[in-house]
Every structure is written in C-alpha cells, then in structure tokens.
>>> print(open('target_33.txt').read())   # compact mmCIF, C-alpha atoms and all ligand atoms
# COMPACT_ATOMS: atom_id res chain seq x y z
CA MET A 1 0.00 0.00 0.00
CA THR A 2 2.72 2.41 0.99
CA THR A 3 4.55 1.91 -2.29
CA ARG A 4 1.42 2.53 -4.35
CA VAL A 5 0.59 5.69 -2.44
CA ARG A 6 4.17 6.90 -2.80
CA MET A 7 4.16 6.35 -6.55
CA ARG A 8 0.89 8.19 -6.91
CA HIS A 9 2.49 11.31 -5.48
CA ILE A 10 5.86 11.23 -7.21
CA LEU A 11 4.74 12.89 -10.45
CA PRO A 12 3.00 15.87 -8.88
CA LEU A 13 5.99 16.31 -6.60
CA LEU A 14 8.40 16.37 -9.51
CA LEU A 15 6.26 19.02 -11.18
CA LEU A 16 6.23 20.98 -7.97
CA ALA A 17 9.99 20.64 -7.77
CA ALA A 18 10.32 22.48 -11.04
CA VAL A 19 8.54 25.57 -9.82
CA LEU A 20 8.63 25.71 -6.06
CA VAL A 21 12.30 25.67 -5.23
CA MET A 22 13.26 27.66 -2.15
CA SER A 23 16.04 30.01 -3.04
CA PRO A 24 17.99 32.29 -0.77
CA GLY A 25 18.38 35.97 -1.35
CA CYS A 26 16.33 36.57 -4.52
CA PRO A 27 14.87 40.05 -4.72
CA VAL A 28 11.08 40.06 -4.57
CA SER A 29 10.16 43.65 -5.09
CA SER A 30 12.02 46.84 -4.57
CA ALA A 31 8.85 48.89 -4.82
CA ASN A 32 7.29 47.55 -1.63
CA THR A 33 9.07 47.55 1.67
CA GLY A 34 7.92 46.75 5.13
CA VAL A 35 8.23 44.31 7.99
CA PHE A 36 5.29 42.09 8.77
CA HIS A 37 4.87 38.97 10.90
CA CYS A 38 7.29 38.26 13.70
CA TYR A 39 7.14 35.01 15.67
CA LEU A 40 9.47 32.76 17.61
CA THR A 41 10.78 29.22 17.23
CA TRP A 42 13.76 27.25 18.47
CA GLN A 43 16.42 25.55 16.42
CA GLY A 44 18.20 24.17 19.47
CA ASP A 45 18.58 24.87 23.18
CA THR A 46 15.46 26.49 24.65
CA GLY A 47 17.33 28.09 27.57
CA THR A 48 20.16 29.78 25.70
CA THR A 49 18.79 30.39 22.19
CA MET A 50 15.75 31.90 20.50
CA THR A 51 15.02 32.10 16.79
CA VAL A 52 13.22 35.20 15.53
CA ASN A 53 11.29 34.64 12.28
CA TYR A 54 9.98 37.70 10.43
CA HIS A 55 8.79 38.62 6.95
CA THR A 56 9.55 41.58 4.69
CA THR A 57 8.12 42.44 1.30
CA SER A 58 11.64 42.91 -0.05
CA THR A 59 14.41 40.33 0.15
CA ASP A 60 17.26 42.69 -0.64
CA VAL A 61 17.45 43.75 2.99
CA PRO A 62 19.54 42.34 5.84
CA SER A 63 18.19 40.00 8.54
CA GLN A 64 18.75 41.61 11.91
CA VAL A 65 17.52 41.52 15.49
CA PHE A 66 18.46 44.04 18.18
CA TYR A 67 17.86 42.91 21.75
CA ASP A 68 18.48 43.69 25.39
CA THR A 69 17.45 42.63 28.89
CA VAL A 70 15.75 45.97 29.49
CA PRO A 71 13.24 47.80 27.27
CA ARG A 72 14.69 50.20 24.70
CA ASN A 73 11.37 51.27 23.14
CA GLY A 74 12.54 50.52 19.62
CA VAL A 75 15.53 52.89 19.63
CA VAL A 76 17.92 50.76 17.56
CA GLU A 77 21.21 52.15 18.82
CA GLU A 78 20.26 51.66 22.46
CA TYR A 79 20.01 47.86 22.35
CA ALA A 80 23.08 46.22 23.90
CA PHE A 81 23.06 43.19 21.60
CA SER A 82 22.39 42.42 17.97
CA ALA A 83 22.40 39.33 15.78
CA THR A 84 22.23 38.75 12.06
CA GLY A 85 20.74 35.88 10.11
CA ALA A 86 19.64 35.08 6.59
CA SER A 87 16.51 35.28 4.47
CA HIS A 88 14.95 33.03 1.87
CA GLU A 89 12.04 33.16 -0.49
CA LEU A 90 9.35 30.65 -1.45
CA LEU A 91 9.33 31.01 -5.22
CA GLY A 92 5.81 29.62 -5.34
CA LEU A 93 4.64 32.73 -3.48
CA SER A 94 6.35 35.09 -5.91
CA GLN A 95 4.72 33.24 -8.79
CA GLU A 96 1.33 33.41 -7.06
CA SER A 97 1.21 37.21 -6.84
CA SER A 98 3.29 40.22 -5.89
CA ASP A 99 1.09 40.54 -2.78
CA ALA A 100 2.07 37.04 -1.69
CA ALA A 101 5.80 37.49 -2.31
CA ARG A 102 8.03 38.06 0.66
CA ALA A 103 11.36 37.30 2.25
CA ILE A 104 11.32 35.11 5.33
CA HIS A 105 14.08 36.15 7.71
CA VAL A 106 15.56 33.80 10.29
CA VAL A 107 17.77 35.20 13.03
CA GLU A 108 18.97 32.94 15.83
CA LEU A 109 19.99 34.61 19.09
CA THR A 110 22.54 32.56 21.03
CA SER A 111 24.39 32.67 24.38
CA LEU A 112 21.22 33.83 26.12
CA THR A 113 20.59 33.45 29.85
CA PRO A 114 18.02 30.78 30.82
CA GLY A 115 14.83 32.13 32.37
CA GLN A 116 15.63 35.69 31.26
CA THR A 117 13.23 38.19 29.69
CA TYR A 118 14.56 39.90 26.56
CA TYR A 119 13.21 42.89 24.64
CA PHE A 120 13.81 42.99 20.90
CA ILE A 121 13.05 44.53 17.54
CA ALA A 122 13.63 42.93 14.13
CA GLY A 123 14.30 44.58 10.78
CA ASP A 124 16.53 47.21 9.21
CA ALA A 125 16.56 50.86 8.25
CA THR A 126 15.21 50.21 4.74
CA ALA A 127 12.35 47.83 5.49
CA GLY A 128 11.65 49.26 8.91
CA TYR A 129 11.45 47.54 12.27
CA THR A 130 8.88 45.63 14.26
CA SER A 131 7.51 47.21 17.39
CA GLU A 132 9.44 46.18 20.49
CA LYS A 133 8.47 42.67 21.57
CA MET A 134 9.45 40.47 24.51
CA PHE A 135 10.33 36.83 25.00
CA ARG A 136 11.49 34.68 27.86
CA THR A 137 13.96 31.82 27.61
CA ILE A 138 13.14 28.54 29.35
CA PRO A 139 14.55 28.53 32.90
CA ASP A 140 17.12 25.93 33.92
CA SER A 141 15.41 25.36 37.26
CA GLY A 142 11.93 25.67 38.68
CA ALA A 143 8.50 24.84 37.30
CA VAL A 144 7.70 24.83 33.59
CA ARG A 145 4.32 25.50 32.02
CA PHE A 146 3.45 24.96 28.36
CA ILE A 147 0.28 24.63 26.33
CA THR A 148 -0.48 22.23 23.51
CA GLY A 149 -3.13 21.71 20.85
CA GLY A 150 -3.57 21.28 17.13
CA ASP A 151 -6.07 21.49 14.28
CA MET A 152 -6.61 25.22 14.38
CA GLY A 153 -7.59 27.01 11.18
CA THR A 154 -8.32 30.73 11.13
CA ASP A 155 -11.89 31.02 12.41
CA PHE A 156 -12.97 33.39 15.17
CA ALA A 157 -12.63 30.56 17.70
CA VAL A 158 -8.86 30.46 17.19
CA GLY A 159 -8.42 33.99 18.54
CA GLN A 160 -10.59 33.19 21.55
CA LEU A 161 -8.59 30.07 22.37
CA LEU A 162 -5.25 31.77 21.84
CA ARG A 163 -6.22 34.56 24.22
CA GLN A 164 -7.15 31.97 26.85
CA ALA A 165 -3.89 30.12 26.23
CA ALA A 166 -1.74 33.26 26.42
CA GLY A 167 -3.58 34.23 29.61
CA GLN A 168 -2.04 31.21 31.33
CA SER A 169 1.47 32.65 30.73
CA PRO A 170 2.90 29.51 29.08
CA MET A 171 6.63 29.39 28.34
CA ALA A 172 6.11 27.51 25.08
CA ALA A 173 3.30 26.43 22.75
CA LEU A 174 3.41 22.92 21.28
CA ILE A 175 1.30 22.80 18.11
CA GLY A 176 0.50 19.34 16.80
CA GLY A 177 -0.15 20.03 13.13
CA ASP A 178 -3.02 21.16 10.87
CA VAL A 179 -2.39 24.81 11.58
CA ALA A 180 -3.57 27.18 8.81
CA TYR A 181 -5.16 24.49 6.59
CA ALA A 182 -3.38 25.86 3.54
CA ASN A 183 -2.59 22.32 2.31
CA ALA A 184 0.77 23.50 0.95
CA ASP A 185 -1.14 25.30 -1.82
CA PHE A 186 0.48 28.65 -2.57
CA GLY A 187 -2.93 29.91 -3.67
CA ASN A 188 -3.90 29.68 0.01
CA TRP A 189 -1.11 31.98 1.16
CA LYS A 190 -3.59 34.31 2.85
CA ASP A 191 -4.57 31.52 5.23
CA TRP A 192 -1.06 31.54 6.68
CA ASP A 193 -1.07 35.34 6.90
CA ARG A 194 -4.40 35.20 8.76
CA TRP A 195 -3.08 32.53 11.13
CA LEU A 196 0.13 34.42 11.81
CA ASP A 197 -1.89 37.58 12.46
CA LEU A 198 -4.06 35.66 14.93
CA TRP A 199 -0.98 34.23 16.62
CA GLU A 200 0.87 37.52 16.90
CA ASP A 201 -2.18 39.47 18.06
CA ASN A 202 -3.31 36.98 20.67
CA MET A 203 -0.42 34.79 21.81
CA VAL A 204 1.15 37.38 24.07
CA THR A 205 1.10 36.72 27.81
CA PRO A 206 -0.25 39.26 30.34
CA GLU A 207 3.42 39.99 31.16
CA GLY A 208 4.01 40.82 27.48
CA HIS A 209 5.97 37.75 26.38
CA THR A 210 5.43 36.41 22.87
CA VAL A 211 5.16 32.64 23.23
CA PRO A 212 7.64 30.52 21.20
CA ILE A 213 6.26 27.77 18.97
CA ILE A 214 7.31 24.12 18.78
CA LEU A 215 5.55 22.88 15.66
CA ALA A 216 4.87 19.31 14.58
CA ILE A 217 3.58 18.63 11.08
CA GLY A 218 0.05 17.55 10.10
CA ASN A 219 -1.57 16.37 6.88
CA HIS A 220 -2.90 19.87 6.12
CA GLU A 221 0.65 21.21 6.00
CA THR A 222 1.31 19.05 2.92
CA THR A 223 0.15 18.76 -0.66
CA ALA A 224 -1.31 15.25 -0.37
CA GLY A 225 -1.52 14.59 3.36
CA PHE A 226 0.51 11.43 3.82
CA PHE A 227 3.56 9.45 2.62
CA GLN A 228 5.34 12.33 0.85
CA PHE A 229 8.79 11.11 1.81
CA LEU A 230 10.77 11.89 -1.35
CA PHE A 231 10.78 15.69 -1.26
CA PRO A 232 9.67 16.78 2.23
CA LYS A 233 10.43 20.47 1.78
CA LEU A 234 8.51 20.62 -1.47
CA ALA A 235 5.60 18.72 0.01
CA ALA A 236 5.40 21.07 3.02
CA PRO A 237 6.81 24.43 1.88
CA PHE A 238 5.11 26.57 4.53
CA TYR A 239 5.98 24.21 7.39
CA PHE A 240 9.67 24.24 6.51
CA GLY A 241 9.79 27.69 4.91
CA TYR A 242 7.97 29.69 7.58
CA PHE A 243 9.15 27.94 10.76
CA ALA A 244 12.88 27.62 11.40
CA GLN A 245 13.27 24.52 13.54
CA GLU A 246 15.76 21.85 12.46
CA GLY A 247 15.02 21.40 8.78
CA ARG A 248 13.34 18.09 9.44
CA ALA A 249 9.94 17.19 10.85
CA TYR A 250 11.16 15.34 13.96
CA PHE A 251 13.37 16.61 16.75
CA VAL A 252 13.63 16.86 20.53
CA ARG A 253 13.55 19.92 22.79
CA GLU A 254 14.38 20.22 26.48
CA LEU A 255 11.92 22.34 28.44
CA GLY A 256 13.86 22.86 31.65
CA PRO A 257 15.62 20.09 33.57
CA HIS A 258 12.57 17.85 33.99
CA ALA A 259 10.89 17.70 30.56
CA ARG A 260 11.82 16.58 27.06
CA VAL A 261 9.43 17.05 24.14
CA PHE A 262 9.66 14.90 21.00
CA ALA A 263 8.05 16.48 17.95
CA LEU A 264 7.28 13.64 15.54
CA ASP A 265 5.91 13.18 12.03
CA THR A 266 3.07 10.68 11.62
CA SER A 267 3.94 9.80 8.00
CA HIS A 268 3.29 13.16 6.40
CA VAL A 269 6.75 13.83 4.99
CA THR A 270 8.84 11.38 7.04
CA SER A 271 8.58 7.62 7.39
CA MET A 272 7.69 6.63 10.96
CA THR A 273 10.13 3.74 10.73
CA GLY A 274 13.82 3.93 9.83
CA ALA A 275 15.70 7.04 10.89
CA GLN A 276 12.81 8.66 12.78
CA GLN A 277 12.12 5.49 14.79
CA ARG A 278 15.82 5.07 15.60
CA PHE A 279 16.04 8.70 16.68
CA LEU A 280 13.04 8.27 18.96
CA ASP A 281 14.36 5.06 20.49
CA GLN A 282 17.89 6.39 21.03
CA GLU A 283 16.81 9.73 22.48
CA LEU A 284 14.27 8.13 24.82
CA ALA A 285 16.93 5.66 25.96
CA ALA A 286 19.34 8.54 26.59
CA THR A 287 16.84 10.48 28.72
CA PRO A 288 17.90 10.46 32.39
CA ALA A 289 15.59 8.72 34.86
CA GLY A 290 13.12 11.12 36.42
CA VAL A 291 12.87 13.37 33.35
CA HIS A 292 9.34 13.45 31.94
CA THR A 293 9.08 12.61 28.25
CA PHE A 294 6.33 13.98 26.03
CA ALA A 295 5.55 13.21 22.40
CA LEU A 296 3.84 15.73 20.10
CA TYR A 297 2.40 14.45 16.82
CA HIS A 298 -0.64 14.64 14.61
CA VAL A 299 -2.43 11.32 14.01
CA PRO A 300 -3.60 9.70 17.26
CA MET A 301 -2.74 6.16 18.32
CA TYR A 302 -5.96 6.21 20.34
CA PRO A 303 -8.53 8.09 18.27
CA SER A 304 -11.76 9.46 19.69
CA HIS A 305 -13.49 9.92 16.34
CA ARG A 306 -11.77 8.04 13.53
CA ALA A 307 -11.19 4.29 13.44
CA PHE A 308 -8.88 2.59 15.94
CA GLY A 309 -8.78 -0.74 14.13
CA GLY A 310 -8.44 -2.06 10.61
CA LEU A 311 -5.90 -0.64 8.20
CA SER A 312 -6.15 2.80 9.80
CA MET A 313 -3.51 5.49 10.15
CA SER A 314 -3.86 5.06 13.91
CA MET A 315 -2.92 1.40 13.57
CA LEU A 316 0.15 2.36 11.53
CA VAL A 317 1.24 4.86 14.19
CA ARG A 318 0.85 2.24 16.95
CA ASN A 319 2.78 -0.29 14.89
CA ALA A 320 5.62 2.18 14.46
CA TRP A 321 6.03 3.68 17.92
CA LEU A 322 3.86 2.07 20.61
CA SER A 323 6.41 -0.55 21.66
CA THR A 324 9.07 2.20 21.88
CA PHE A 325 6.83 4.42 24.02
CA ASP A 326 6.03 1.45 26.28
CA ALA A 327 9.64 0.25 26.53
CA HIS A 328 10.85 3.66 27.70
CA GLY A 329 7.78 4.63 29.74
CA LEU A 330 6.79 7.77 27.82
CA THR A 331 5.03 10.12 30.24
CA ALA A 332 2.37 11.52 27.90
CA ALA A 333 1.60 11.87 24.20
CA PHE A 334 -0.20 14.87 22.71
CA GLU A 335 -2.34 13.64 19.83
CA ASN A 336 -4.44 15.57 17.34
CA HIS A 337 -6.27 15.20 13.99
CA ASP A 338 -9.67 14.05 15.31
CA HIS A 339 -11.03 17.46 16.43
CA MET A 340 -12.21 16.25 19.82
CA LEU A 341 -11.32 16.47 23.50
CA LYS A 342 -10.04 13.14 24.76
CA ARG A 343 -8.03 11.69 27.62
CA THR A 344 -7.10 8.04 27.72
CA LYS A 345 -6.49 5.84 30.72
CA ARG A 346 -2.81 5.25 31.41
CA LEU A 347 -2.00 2.61 28.81
CA ARG A 348 0.57 0.03 27.90
CA ASN A 349 0.09 -2.21 24.91
CA ASN A 350 -3.48 -0.94 24.44
CA ALA A 351 -4.58 -1.86 27.99
CA PRO A 352 -4.74 0.06 31.27
CA HIS A 353 -1.54 -0.06 33.32
CA PRO A 354 -0.74 1.88 36.53
CA ASP A 355 2.53 3.17 35.07
CA GLY A 356 1.29 3.51 31.52
CA THR A 357 1.42 6.46 29.13
CA LEU A 358 -1.30 9.12 29.09
CA TYR A 359 -2.63 10.09 25.65
CA LEU A 360 -4.26 13.52 25.45
CA GLY A 361 -5.96 15.11 22.48
CA ASP A 362 -7.47 15.15 20.05
CA GLY A 363 -6.73 18.39 18.21
CA CYS A 364 -9.59 20.86 18.66
CA PHE A 365 -7.70 24.17 19.00
CA GLY A 366 -10.12 26.05 16.74
CA LYS A 367 -11.66 23.56 14.32
CA THR A 368 -15.32 22.56 14.67
CA PRO A 369 -15.57 19.58 17.04
CA ARG A 370 -16.52 16.20 15.61
CA SER A 371 -19.06 13.79 17.10
CA GLY A 372 -16.77 11.16 18.61
CA GLU A 373 -17.81 8.14 16.54
CA GLN A 374 -15.05 5.85 17.82
CA ALA A 375 -15.54 7.03 21.41
CA ARG A 376 -19.25 6.12 21.22
CA ALA A 377 -18.50 2.79 19.59
CA LEU A 378 -16.09 1.88 22.40
CA GLU A 379 -19.06 1.87 24.78
CA ASP A 380 -20.37 -1.23 22.97
CA PRO A 381 -18.87 -4.53 24.26
CA ALA A 382 -19.22 -6.03 20.78
CA GLU A 383 -17.03 -3.27 19.32
CA LEU A 384 -14.42 -3.80 22.05
CA ALA A 385 -14.34 -7.51 21.27
CA ARG A 386 -14.07 -6.82 17.55
CA LEU A 387 -11.07 -4.54 18.21
CA GLY A 388 -9.43 -7.04 20.59
CA LEU A 389 -9.71 -4.65 23.56
CA THR A 390 -10.58 -5.69 27.10
CA GLU A 391 -12.06 -2.26 27.86
CA SER A 392 -12.27 1.22 26.37
CA TYR A 393 -8.95 3.04 26.26
CA LEU A 394 -10.74 6.36 26.88
CA ALA A 395 -11.15 7.88 30.34
CA ASN A 396 -12.95 11.00 29.10
CA TRP A 397 -14.02 12.57 25.84
CA ALA A 398 -16.18 15.45 24.63
CA SER A 399 -16.96 17.35 21.47
CA THR A 400 -15.52 20.66 22.54
CA ARG A 401 -12.83 23.13 21.50
CA HIS A 402 -9.94 23.38 23.93
CA PHE A 403 -6.20 23.32 24.46
CA TRP A 404 -4.20 21.44 27.08
CA MET A 405 -2.07 23.22 29.67
CA VAL A 406 0.80 21.22 31.16
CA ASP A 407 2.56 22.07 34.42
CA VAL A 408 5.77 20.28 35.31
CA ALA A 409 6.55 20.68 39.02
CA ALA A 410 9.65 22.61 40.06
CA ASP A 411 11.29 19.48 41.44
CA GLY A 412 10.03 17.33 38.56
CA SER A 413 8.00 15.20 40.96
CA GLY A 414 4.70 15.52 39.12
CA VAL A 415 2.85 16.82 36.08
CA GLU A 416 -0.61 18.40 35.93
CA PHE A 417 -2.69 18.47 32.76
CA THR A 418 -5.61 20.88 32.41
CA ALA A 419 -7.87 21.21 29.37
CA ILE A 420 -9.26 24.72 28.96
CA GLY A 421 -12.12 25.74 26.68
CA SER A 422 -12.83 28.87 24.63
CA ASN A 423 -14.34 30.79 27.54
CA GLY A 424 -11.64 29.80 30.02
CA ASP A 425 -13.55 26.98 31.68
CA VAL A 426 -11.61 23.88 32.79
CA VAL A 427 -13.14 21.10 30.66
CA ASP A 428 -10.92 18.25 31.91
CA GLU A 429 -7.95 17.71 34.19
CA THR A 430 -5.69 15.01 35.51
CA ALA A 431 -2.28 14.64 37.13
CA LEU A 432 0.58 12.16 37.26
FE FE A 501 -5.34 16.22 10.42
>>> encode(input="target_33.txt", output="structure tokens", more="lines below")
Ligand SMILES: [Fe+2]
Amino acid sequence: MTTRVRMRHILPLLLLAAVLVMSPGCPVSSANTGVFHCYLTWQGDTGTTMTVNYHTTSTDVPSQVFYDTVPRNGVVEEYAFSATGASHELLGLSQESSDAARAIHVVELTSLTPGQTYYFIAGDATAGYTSEKMFRTIPDSGAVRFITGGDMGTDFAVGQLLRQAAGQSPMAALIGGDVAYANADFGNWKDWDRWLDLWEDNMVTPEGHTVPIILAIGNHETTAGFFQFLFPKLAAPFYFGYFAQEGRAYFVRELGPHARVFALDTSHVTSMTGAQQRFLDQELAATPAGVHTFALYHVPMYPSHRAFGGLSMSMLVRNAWLSTFDAHGLTAAFENHDHMLKRTKRLRNNAPHPDGTLYLGDGCFGKTPRSGEQARALEDPAELARLGLTESYLANWASTRHFWMVDVAADGSGVEFTAIGSNGDVVDETAL
C-alpha cells in the first residue's frame, strides 16, 4: 500500500519541484518595503537560544535583530546586543502574486541566559522595524508551564482560544499540526497570513511575552496529506519555509531540567520507521531517569473519532512507535487530527496499566468539534471484542474546543494536565 501511495504522489511532486524551489536571497520587489509577521521558534537549546522569524516584502534587505534585557522602546542604537541571520524566499509565493511574495528572515539569538526576559526589535533601516516585543527563555530550574493543541484554522474561535492560552502565561506552545489548513497550496497563502496575524495578536502573555512555537507537522501542511517522503520540503513548503526549527519534521527539545518534548511526524513527509524510529528510540533511551518525556504528533494512536482498528492510520502509528513508548515509559503523548477532546487511561500495549502512558488530544484548538464516533463505539462490548480490547482506552471525551495546559513541578515530581475551553472553563484535568 505504501509503495502505491508513494508512486501516486511522485509525479506531482516532480512538477512541484520544477517551480517551487526555495532560493535564498532573490529580490522580490524593490517597490514595496515593510516588515510584517514576527514570531518565535527554536532551532536548538530552549534556555540559551531563540530564533526570531519575520517577513519583509523585499528580500534585498539584511536579517537583523536588536535585543536587550531591558526595554529600549525601539531605539535601535540603544540595544546592547544584535544578531544577524539570513533570508529566503518561497518562489511559489512570488509566482502566485506580488502581494504574496516576501522574504522570510531567520535570526537565531545565542548565548542567552536561561529564564531571562529579553526585549527585541527585528528589521533594518530600509524595510523598517517591528515594534518592540518580549520573550522569555526557558529557565534551567523551577517549574515549567506549556500549552499544547492542534487542528486550528483561522476562524474566530482560534483567537478566543489563543487569548485563553496566552492568559495562562505559558513558556512555550506545542502545536500538533493542521495549523492554517493551507494544504501547501500557494494559492492559500492568505490563510497563513491570517493565522500568523491571529498568533501575533493573541499569543502574548499578560506579562508581554510572545510565546515561542514548537511545531509538529500535520496532513494539512502538505500537498497530499501522507507518505510524501521523497521531497519533504517541497511537500510542506510553509511548514519548513515559515518555521525555522531543524530542517526536518522530527526533533527533541528540552523544556527545563525535567521535561523533554519529542516532535514527531506521523507519516506526512517522514517515514515513521527507519531514521525517525531510531532517533526516537535512542533519544528516549538517553533520557535520564526522572525526566518526563512527552511526544507531540498529529495522528492519534488512540482516536476518539476516527477508526482505531483495521488498516487505519492510527494502527500504523501504533505499529511504528507504541512498543518504543512502552519500553521507555513515555510520560504523555499529545495527539491531534480528530477534532475532539479526549483523555485516555494510562496505557501500555493498548490496555490500562498503573505506570502507563497518558494520551491527550485530540486536536480541537479552533476547528469545529466532531461527534466522537469511535468514542461512542467503544461503549459497545461487541465493538471492544471486535477490536481485541478488554475495555475502552478512553477515560474521558467530549466534542468541545480546547487546548491542554501542562505544568511540570519545580522538582520534577509531578505533572498536571488541564484542558481549557474557549471561555476559560476547565473542561478536563488530571495529574501524574
Ligand atoms: Fe489532520
């Protein structure tokens, strides 16, 4: 099956390759200048680095960030530190329209102090500068709070949820794919601009910190959804072109001394077996005892709406990674794609276990909730028997928009998980 699906997508990908090559430093337009969009990612250490991503309508301008530990109100020469980076263009955008064309600038700040607030502006004298923004590096001691969710889109609900999420003052946002629903179609470029506007307008904490993004890939980041392994960057041009992470769709990030987050790719542009599986196994094995491990990915192993059994994507994800999660005692997995709220029992090998992994989802951070077909079916003993399950894997589920907030205790002794809805209500909670 995999081979057939792969072959079906090779030809369109080759055609795309001819026209959508990312090229550094090509001028877009000298008539229009301006800085727009500014958001944060990490390409490495979350305590000592921060990557500033910003867009300009012209590419023939330098990539610069000026920053300091005290506010400088946008006066360039007063900032104590500066860093330079590079820009690139998505040629597909230039070919779409002059309005879509832009340079994407990536500037990584390094040698930062963990747990420190920084004030910064990005840009240059020609294009102009952003307003002064703030970020905070991840501390190297103490408690850590982050939020997670996926399947967003650009509807009104997204802004509501982002405001609730920012209001919790998270140190990072883990997004589990299906973000702007642009489907890697350059004709949908405005969807990404809308999403970035929503993010930048709403994902600022009450203290003023812009929240950095850790982004896993979903099917709606790609041209065909699944199995596009040959040319990942062509299959997901916005995912790779707009968000500087590591240049691949799986990686690990430390969030303080007690938490490691694995962003993974459920077969969108990377095979779940092979190199990605080895990476996961080796990095989990190398994680010191007592450090909580979290996985962030799109397609759920334990779906609340789509099918658990048969030749489903969920079955393929379990086949690829479940034994690895179980062998290393993964703390929790953040699943998406089904547009539901769900919390599983603690599971090992598909059955409840006191030390098992918690699976939280199911990606309803803006999208209209689904009805929970699989969750309802699991209430029928005949369905459980058909699926080879002794009991339902779900502890709770609901058709409701939400995001999950995760609190790792200062001493690493425990983790609290709280699901919060559009109006700020707690819609589910648990702790380990
Ligand atoms: Fe999805």
>>> closest_residue(input="target_33.txt", among="A:Pro354, A:Gly361, A:Gly256, A:Gly388", to="His402 of chain A", atoms="all atoms listed in the file")
A:Gly361
>>> atom_distance(input="target_33.txt", atom1="atom CA of Thr113 of chain A", atom2="atom CA of His292 of chain A")
23.0 Å
>>> residues_near_ligand(input="target_33.txt", ligand="ligand FE 501 (chain A)", cutoff="6 Å", atoms="all atoms listed in the file", output="PDB file with C-alpha atoms, in the coordinates of the input")
ATOM      1  CA  ASP A 178      -3.020  21.160  10.870  1.00  0.00           C
ATOM      2  CA  GLY A 218       0.050  17.550  10.100  1.00  0.00           C
ATOM      3  CA  ASN A 219      -1.570  16.370   6.880  1.00  0.00           C
ATOM      4  CA  HIS A 337      -6.270  15.200  13.990  1.00  0.00           C
TER       5      HIS A 337
END
>>> closest_residue(input="target_33.txt", among="A:Thr357, A:Lys367, A:Ala333, A:Leu394", to="Phe308 of chain A", atoms="only C-alpha atoms")
A:Leu394
>>> residues_around(input="target_33.txt", residues="Val158 of chain A", least_positions_apart="6", cutoff="10 Å", atoms="all atoms listed in the file", output="ChimeraX atom specification")
/A:151-152,164,195,198-199,202,364-367,401-402,422
>>> residues_around(input="target_33.txt", residues="segment 33-48 of chain A", least_positions_apart="2", cutoff="6 Å", atoms="all atoms listed in the file", output="number ranges by chain")
A: 50-58, 110-114, 127-128, 137-138, 212-213, 245-246
>>> closest_residue(input="target_33.txt", among="A:Val427, A:Val76, A:Leu316, A:Val106", to="Ala244 of chain A", atoms="only C-alpha atoms")
A:Val106
>>> residues_around(input="target_33.txt", residues="Pro381 of chain A", least_positions_apart="6", cutoff="12 Å", atoms="all atoms listed in the file", output="count of residues only")
6
>>> residues_around(input="target_33.txt", residues="Ser141 of chain A", least_positions_apart="2", cutoff="7 Å", atoms="only C-alpha atoms", output="JSON list (two decimals) with C-alpha atoms, in the coordinates of the input")
[["chain", "number", "residue", "atom", "x", "y", "z"],
["A", 139, "PRO", "CA", 14.55, 28.53, 32.90],
["A", 143, "ALA", "CA", 8.50, 24.84, 37.30],
["A", 256, "GLY", "CA", 13.86, 22.86, 31.65],
["A", 257, "PRO", "CA", 15.62, 20.09, 33.57],
["A", 410, "ALA", "CA", 9.65, 22.61, 40.06]]
